[in-house]
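As provided, input06.csv (CSV, C-alpha atoms) reads as follows.
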```csv
chain,number,residue,atom,x,y,z
R,1,MET,CA,51.5,86.6,138.8
R,2,PRO,CA,55.1,87.9,139.1
R,3,HIS,CA,56.4,85.0,141.1
R,4,SER,CA,55.0,82.4,138.7
R,5,HIS,CA,58.2,82.5,136.6
R,6,ALA,CA,60.5,82.0,139.6
R,7,PRO,CA,60.8,78.2,139.5
R,8,SER,CA,61.6,78.1,135.8
R,9,SER,CA,64.1,81.0,136.1
R,10,PHE,CA,65.8,79.2,139.0
R,11,SER,CA,65.9,76.0,137.0
R,12,ARG,CA,67.5,77.7,134.0
R,13,HIS,CA,70.1,79.3,136.3
R,14,CYS,CA,70.9,75.9,137.9
R,15,LEU,CA,71.2,74.3,134.4
R,16,ARG,CA,73.6,77.0,133.1
R,17,THR,CA,75.7,76.9,136.3
R,18,THR,CA,75.9,73.1,136.3
R,19,LEU,CA,76.7,73.0,132.6
R,20,ALA,CA,79.5,75.6,133.1
R,21,TRP,CA,81.1,73.6,135.9
R,22,THR,CA,80.8,70.3,134.0
R,23,LEU,CA,82.4,71.7,130.8
R,24,GLY,CA,85.0,73.7,132.8
R,25,VAL,CA,86.2,70.6,134.6
R,26,LEU,CA,86.1,68.6,131.4
R,27,VAL,CA,88.5,71.1,129.8
R,28,CYS,CA,90.8,70.9,132.8
R,29,LEU,CA,90.8,67.1,132.6
R,30,LEU,CA,91.6,67.1,128.9
R,31,ALA,CA,94.4,69.6,129.5
R,32,TRP,CA,95.8,67.3,132.3
R,33,ASP,CA,95.9,64.4,129.8
R,34,ALA,CA,97.4,66.5,127.0
R,35,LEU,CA,100.2,67.7,129.3
R,36,GLY,CA,101.1,64.2,130.3
R,37,GLN,CA,101.1,64.8,134.1
R,38,ASP,CA,100.2,61.3,135.1
R,39,ARG,CA,103.6,59.7,134.8
R,40,ALA,CA,105.4,62.6,136.4
R,41,LEU,CA,103.1,62.3,139.5
R,42,ALA,CA,103.4,58.5,139.6
R,43,HIS,CA,107.2,58.8,139.8
R,44,ALA,CA,106.8,60.8,143.0
R,45,PHE,CA,105.6,57.6,144.7
R,46,GLY,CA,107.2,54.8,142.6
R,47,THR,CA,110.6,53.7,141.6
R,48,GLY,CA,112.1,51.2,139.1
R,49,SER,CA,111.5,48.4,141.6
R,50,GLY,CA,107.8,49.3,142.3
R,51,PHE,CA,105.8,51.3,144.8
R,52,PRO,CA,107.2,51.1,148.4
R,53,MET,CA,103.8,52.0,149.9
R,54,ARG,CA,101.8,49.5,148.0
R,55,GLU,CA,101.2,47.2,151.0
R,56,HIS,CA,101.3,49.8,153.7
R,57,TRP,CA,98.5,49.0,156.2
R,58,LEU,CA,97.0,52.5,156.0
R,59,PHE,CA,96.7,52.4,152.2
R,60,SER,CA,96.0,48.7,151.6
R,61,GLN,CA,93.9,47.8,154.7
R,62,VAL,CA,92.2,51.0,155.9
R,63,LEU,CA,91.8,53.1,152.7
R,64,HIS,CA,91.4,50.2,150.4
R,65,GLU,CA,89.7,47.2,152.0
R,66,GLY,CA,88.1,49.1,154.9
R,67,ALA,CA,86.9,51.9,152.7
R,68,ARG,CA,85.4,49.5,150.2
R,69,ARG,CA,83.3,47.8,153.0
R,70,VAL,CA,82.2,51.2,154.3
R,71,GLY,CA,81.2,52.3,150.8
R,72,TRP,CA,79.0,49.2,150.3
R,73,LEU,CA,77.5,49.7,153.8
R,74,LEU,CA,76.6,53.3,152.9
R,75,MET,CA,75.1,52.1,149.6
R,76,LEU,CA,72.9,49.6,151.5
R,77,LEU,CA,71.8,52.4,153.9
R,78,VAL,CA,70.9,54.7,151.1
R,79,ALA,CA,68.9,51.9,149.4
R,80,LEU,CA,67.0,51.0,152.6
R,81,GLY,CA,66.5,54.7,153.2
R,82,VAL,CA,64.3,54.9,150.2
R,83,TRP,CA,61.5,53.1,152.1
R,84,TRP,CA,62.7,53.5,155.7
R,85,PRO,CA,64.3,57.0,155.8
R,86,ILE,CA,66.3,58.2,158.8
R,87,GLY,CA,68.1,61.5,159.5
R,88,LEU,CA,68.6,63.7,156.5
R,89,LEU,CA,66.7,61.3,154.2
R,90,ARG,CA,63.5,62.1,156.1
R,91,ARG,CA,63.7,65.7,154.9
R,92,ILE,CA,63.2,64.8,151.2
R,93,ASP,CA,60.4,63.0,149.5
R,94,LEU,CA,60.2,59.5,148.2
R,95,GLY,CA,61.0,60.5,144.6
R,96,GLU,CA,64.2,62.3,145.7
R,97,ARG,CA,65.3,59.4,147.9
R,98,LEU,CA,64.8,57.1,145.0
R,99,GLN,CA,66.7,59.4,142.7
R,100,LEU,CA,69.6,59.4,145.2
R,101,ALA,CA,69.8,55.7,145.4
R,102,ILE,CA,69.5,55.2,141.6
R,103,SER,CA,72.1,57.8,140.8
R,104,VAL,CA,74.6,56.1,143.1
R,105,LEU,CA,74.0,52.7,141.4
R,106,VAL,CA,74.1,54.1,137.9
R,107,ALA,CA,77.4,55.9,138.6
R,108,LEU,CA,78.9,52.7,140.0
R,109,GLY,CA,77.6,50.9,136.9
R,110,VAL,CA,79.0,53.5,134.5
R,111,VAL,CA,82.5,53.4,136.0
R,112,SER,CA,82.5,49.6,136.3
R,113,SER,CA,81.4,49.2,132.6
R,114,LEU,CA,84.0,51.6,131.3
R,115,LYS,CA,86.7,49.9,133.4
R,116,SER,CA,85.9,46.5,132.0
R,117,LEU,CA,86.2,47.8,128.4
R,118,ASN,CA,89.4,49.7,128.8
R,119,ALA,CA,92.7,47.9,127.9
R,120,THR,CA,95.2,50.2,129.7
R,121,SER,CA,97.1,48.9,132.7
R,122,CYS,CA,97.8,50.3,136.1
R,123,PRO,CA,101.1,52.1,137.1
R,124,TRP,CA,102.4,49.1,139.0
R,125,ASP,CA,102.1,47.0,135.8
R,126,LEU,CA,104.4,49.3,133.8
R,127,ALA,CA,108.1,48.3,133.1
R,128,GLU,CA,109.3,51.7,134.4
R,129,PHE,CA,107.9,50.7,137.8
R,130,GLY,CA,109.1,47.1,137.8
R,131,GLY,CA,106.3,45.5,135.8
R,132,VAL,CA,106.1,44.3,132.2
R,133,ALA,CA,103.7,46.6,130.4
R,134,ARG,CA,104.5,49.7,128.4
R,135,TYR,CA,102.7,53.0,129.0
R,136,ALA,CA,99.6,53.6,126.8
R,137,SER,CA,97.1,56.4,127.2
R,138,HIS,CA,93.7,55.4,128.3
R,139,TRP,CA,92.5,57.1,125.1
R,140,ALA,CA,94.5,54.7,123.0
R,141,LEU,CA,91.4,52.5,122.4
R,142,GLY,CA,92.2,49.0,121.3
R,143,VAL,CA,95.9,49.3,122.1
R,144,VAL,CA,97.2,46.3,124.2
R,145,ASP,CA,100.0,47.5,126.4
R,146,GLY,CA,101.1,44.0,127.6
R,147,GLY,CA,99.7,44.3,131.1
R,148,GLY,CA,96.5,43.3,132.8
R,149,GLY,CA,94.4,46.3,131.5
R,150,ARG,CA,91.1,47.3,133.0
R,151,CYS,CA,92.6,50.1,135.1
R,152,PHE,CA,90.7,53.1,133.8
R,153,PRO,CA,88.6,54.7,135.3
R,154,ALA,CA,89.3,54.3,139.0
R,155,GLY,CA,86.8,51.9,140.5
R,156,HIS,CA,87.9,52.4,144.1
R,157,ALA,CA,87.5,56.2,144.0
R,158,SER,CA,83.9,55.6,142.8
R,159,ALA,CA,83.1,54.4,146.3
R,160,GLY,CA,83.2,58.0,147.3
R,161,PHE,CA,82.4,59.9,144.0
R,162,ALA,CA,79.3,57.8,143.2
R,163,PHE,CA,77.5,59.6,146.1
R,164,VAL,CA,77.9,62.9,144.4
R,165,GLY,CA,74.5,62.3,142.8
R,166,GLY,CA,73.0,62.9,146.3
R,167,TYR,CA,73.8,66.6,145.8
R,168,PHE,CA,71.3,66.9,143.0
R,169,ALA,CA,68.6,64.9,144.9
R,170,LEU,CA,69.0,67.1,148.0
R,171,ARG,CA,69.6,70.6,146.6
R,172,HIS,CA,66.0,71.4,145.9
R,173,ARG,CA,64.7,71.0,149.5
R,174,GLN,CA,68.0,71.0,151.5
R,175,PRO,CA,70.5,73.2,149.7
R,176,ARG,CA,72.9,73.6,152.7
R,177,ALA,CA,72.9,69.8,153.3
R,178,ALA,CA,73.4,69.3,149.6
R,179,ARG,CA,76.6,71.3,149.6
R,180,LEU,CA,77.9,69.4,152.6
R,181,TRP,CA,77.0,66.1,151.0
R,182,LEU,CA,78.8,67.2,147.8
R,183,ALA,CA,81.9,68.3,149.7
R,184,ALA,CA,82.0,65.0,151.6
R,185,SER,CA,81.6,62.9,148.5
R,186,LEU,CA,84.3,64.7,146.6
R,187,ALA,CA,86.7,64.5,149.6
R,188,ALA,CA,86.0,60.8,150.0
R,189,GLY,CA,86.6,60.2,146.3
R,190,LEU,CA,89.9,62.2,146.2
R,191,ILE,CA,91.2,60.5,149.4
R,192,LEU,CA,90.4,57.0,148.1
R,193,GLY,CA,91.9,57.9,144.7
R,194,GLY,CA,94.9,59.5,146.3
R,195,ALA,CA,95.5,56.3,148.3
R,196,GLN,CA,95.5,54.2,145.2
R,197,GLN,CA,97.8,56.7,143.5
R,198,VAL,CA,100.4,56.2,146.3
R,199,ARG,CA,100.0,52.4,146.0
R,200,GLY,CA,100.6,52.5,142.3
R,201,ALA,CA,97.1,51.2,141.5
R,202,HIS,CA,96.0,54.2,139.5
R,203,PHE,CA,97.1,57.4,137.8
R,204,MET,CA,95.7,60.6,139.0
R,205,SER,CA,93.7,61.1,135.8
R,206,HIS,CA,91.9,57.8,136.5
R,207,THR,CA,90.6,59.3,139.8
R,208,LEU,CA,89.7,62.7,138.3
R,209,TRP,CA,87.8,61.2,135.4
R,210,THR,CA,85.9,59.0,137.8
R,211,GLY,CA,84.8,62.1,139.7
R,212,TRP,CA,83.7,63.8,136.5
R,213,LEU,CA,81.8,60.7,135.3
R,214,CYS,CA,80.0,60.4,138.6
R,215,TRP,CA,79.1,64.1,138.7
R,216,THR,CA,77.8,64.0,135.1
R,217,THR,CA,75.8,60.8,135.8
R,218,GLY,CA,74.3,62.3,138.9
R,219,TRP,CA,73.3,65.4,136.9
R,220,LEU,CA,71.8,63.4,134.1
R,221,CYS,CA,69.8,61.4,136.6
R,222,ASP,CA,68.5,64.7,138.1
R,223,LEU,CA,67.4,65.9,134.6
R,224,ALA,CA,65.6,62.6,134.0
R,225,ALA,CA,64.0,62.7,137.4
R,226,GLY,CA,62.9,66.3,136.8
R,227,ALA,CA,61.4,65.4,133.5
R,228,LEU,CA,59.5,62.5,135.0
R,229,ARG,CA,58.1,64.7,137.8
R,230,GLN,CA,56.9,67.3,135.3
R,231,ARG,CA,55.3,64.7,133.1
R,232,PHE,CA,53.4,63.1,136.0
R,233,ALA,CA,52.4,66.5,137.4
R,234,LEU,CA,50.9,67.3,134.0
R,235,THR,CA,49.3,63.9,133.8
R,236,ASN,CA,47.7,64.2,137.2
R,237,THR,CA,46.5,67.8,136.7
R,238,PRO,CA,42.8,67.7,137.5
R,239,LEU,CA,40.5,68.7,134.7
R,240,PRO,CA,38.4,71.8,135.1
R,241,PRO,CA,34.8,71.2,136.1
R,242,ALA,CA,32.3,70.8,133.3
R,243,PRO,CA,30.1,73.8,132.8
R,244,ARG,CA,26.6,73.5,134.4
R,245,PRO,CA,23.7,73.5,132.0
R,246,PRO,CA,21.7,76.6,132.0
R,247,ALA,CA,18.8,76.6,134.4
R,248,ALA,CA,15.4,75.9,133.0
R,249,THR,CA,13.1,78.9,132.8
```
Could you take the file, read its structure, and then write that structure out as structure tokens?
Amino acid sequence: MPHSHAPSSFSRHCLRTTLAWTLGVLVCLLAWDALGQDRALAHAFGTGSGFPMREHWLFSQVLHEGARRVGWLLMLLVALGVWWPIGLLRRIDLGERLQLAISVLVALGVVSSLKSLNATSCPWDLAEFGGVARYASHWALGVVDGGGGRCFPAGHASAGFAFVGGYFALRHRQPRAARLWLAASLAAGLILGGAQQVRGAHFMSHTLWTGWLCWTTGWLCDLAAGALRQRFALTNTPLPPAPRPPAAT
């Protein structure tokens, strides 16, 4: 039948498009690092005596502490929504809701794990902004810069970016809602990361790499979920009925 190849063709198209976006953004991030734009942008908000907006109520109380609590609340609602779905979650099946929740948790875990292993410090720790550390790229593995370290990637921005995985869970049944979900997750991550940039808690590359890591994690979770669905579908395919013995004559 002509339409029998449509799902696989659509899947291949999605795979190529997602791969193109993922690699394209990766190239842009590598170019940002190579051009050394982090420090230049940090100097737009910081001086030799520190970052004046570090303790401003909007950035420290609302967009840092408040947003963190909201992020954990949303994570709880997504987890509970696997078994007790409301609103948009009722429009997708159990497997997709489970994929959404797992992708968020895995993205948070990836960012947190990389952050704990990285030795580079935050902008407000650097001597050029009133601290004691010297600047070292987050790619300078094993280099101790004299500061507190553990500043890359941006953990706070992951409170928004981690939900990017919901786009992949939603796009098969709710493509329009998936695009809105993606836009909201990206906007939240950029806003939270931008707030930390103003405070001197992160360089812009920290935020951008967090977004890329969460996107890639969400995509890999989607590929794994698709493979599992296909495997179980093949496993549960009913066997054809056994042929009847010929009638006795």
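Comparing the minimum interatomic distances between Leu180 of chain R and each of R:Val82, R:Leu35, R:Val164, R:Ala42, counting all atoms listed in the file, we find that R:Val164 sits nearest.
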Open item on the list: Around the point (89.7, 61.5, 151.6) (coordinates from the file), which residues reach within 12 Å if we count all atoms listed in the file? Answer as a list in words.
Closed with: Phe59, Val62, Leu63, His64, Ala67, His156, Ala157, Ala159, Gly160, Phe161, Ala183, Ala184, Ser185, Leu186, Ala187, Ala188, Gly189, Leu190, Ile191, Leu192, Gly193, Gly194, Ala195 and Gln196 of chain R
Contacts of segment 7-117 of chain R with segment 222-225 of chain R up to 9 Å, shortest pair per row, all atoms listed in the file, as JSON lines:
```
{"residue": "R:Gly95", "atom": "CA", "partner": "R:Ala225", "partner_atom": "CA", "distance": 8.1}
{"residue": "R:Glu96", "atom": "CA", "partner": "R:Ala225", "partner_atom": "CA", "distance": 8.3}
{"residue": "R:Gln99", "atom": "CA", "partner": "R:Ala225", "partner_atom": "CA", "distance": 6.8}
{"residue": "R:Leu100", "atom": "CA", "partner": "R:Asp222", "partner_atom": "CA", "distance": 8.9}
{"residue": "R:Ser103", "atom": "CA", "partner": "R:Asp222", "partner_atom": "CA", "distance": 8.2}
```
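Each of R:Gly218, R:Leu228, R:Cys122, R:Ala169 was compared to Ile92 of chain R using all atoms listed in the file, and R:Ala169 turns out to be the nearest.
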Shortest contact to Val106 of chain R, candidates R:Phe163, R:Phe232, R:Phe203, R:Phe51, atoms counted only C-alpha atoms, goes to R:Phe163
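Nearest residue to Val198 of chain R among R:Val27, R:Ala154, R:Ala44, R:Ala119 is R:Ala44, counting only C-alpha atoms.
The spacing separating atom CA of Ala101 of chain R from atom CA of Arg176 of chain R amounts to 19.6 Å.
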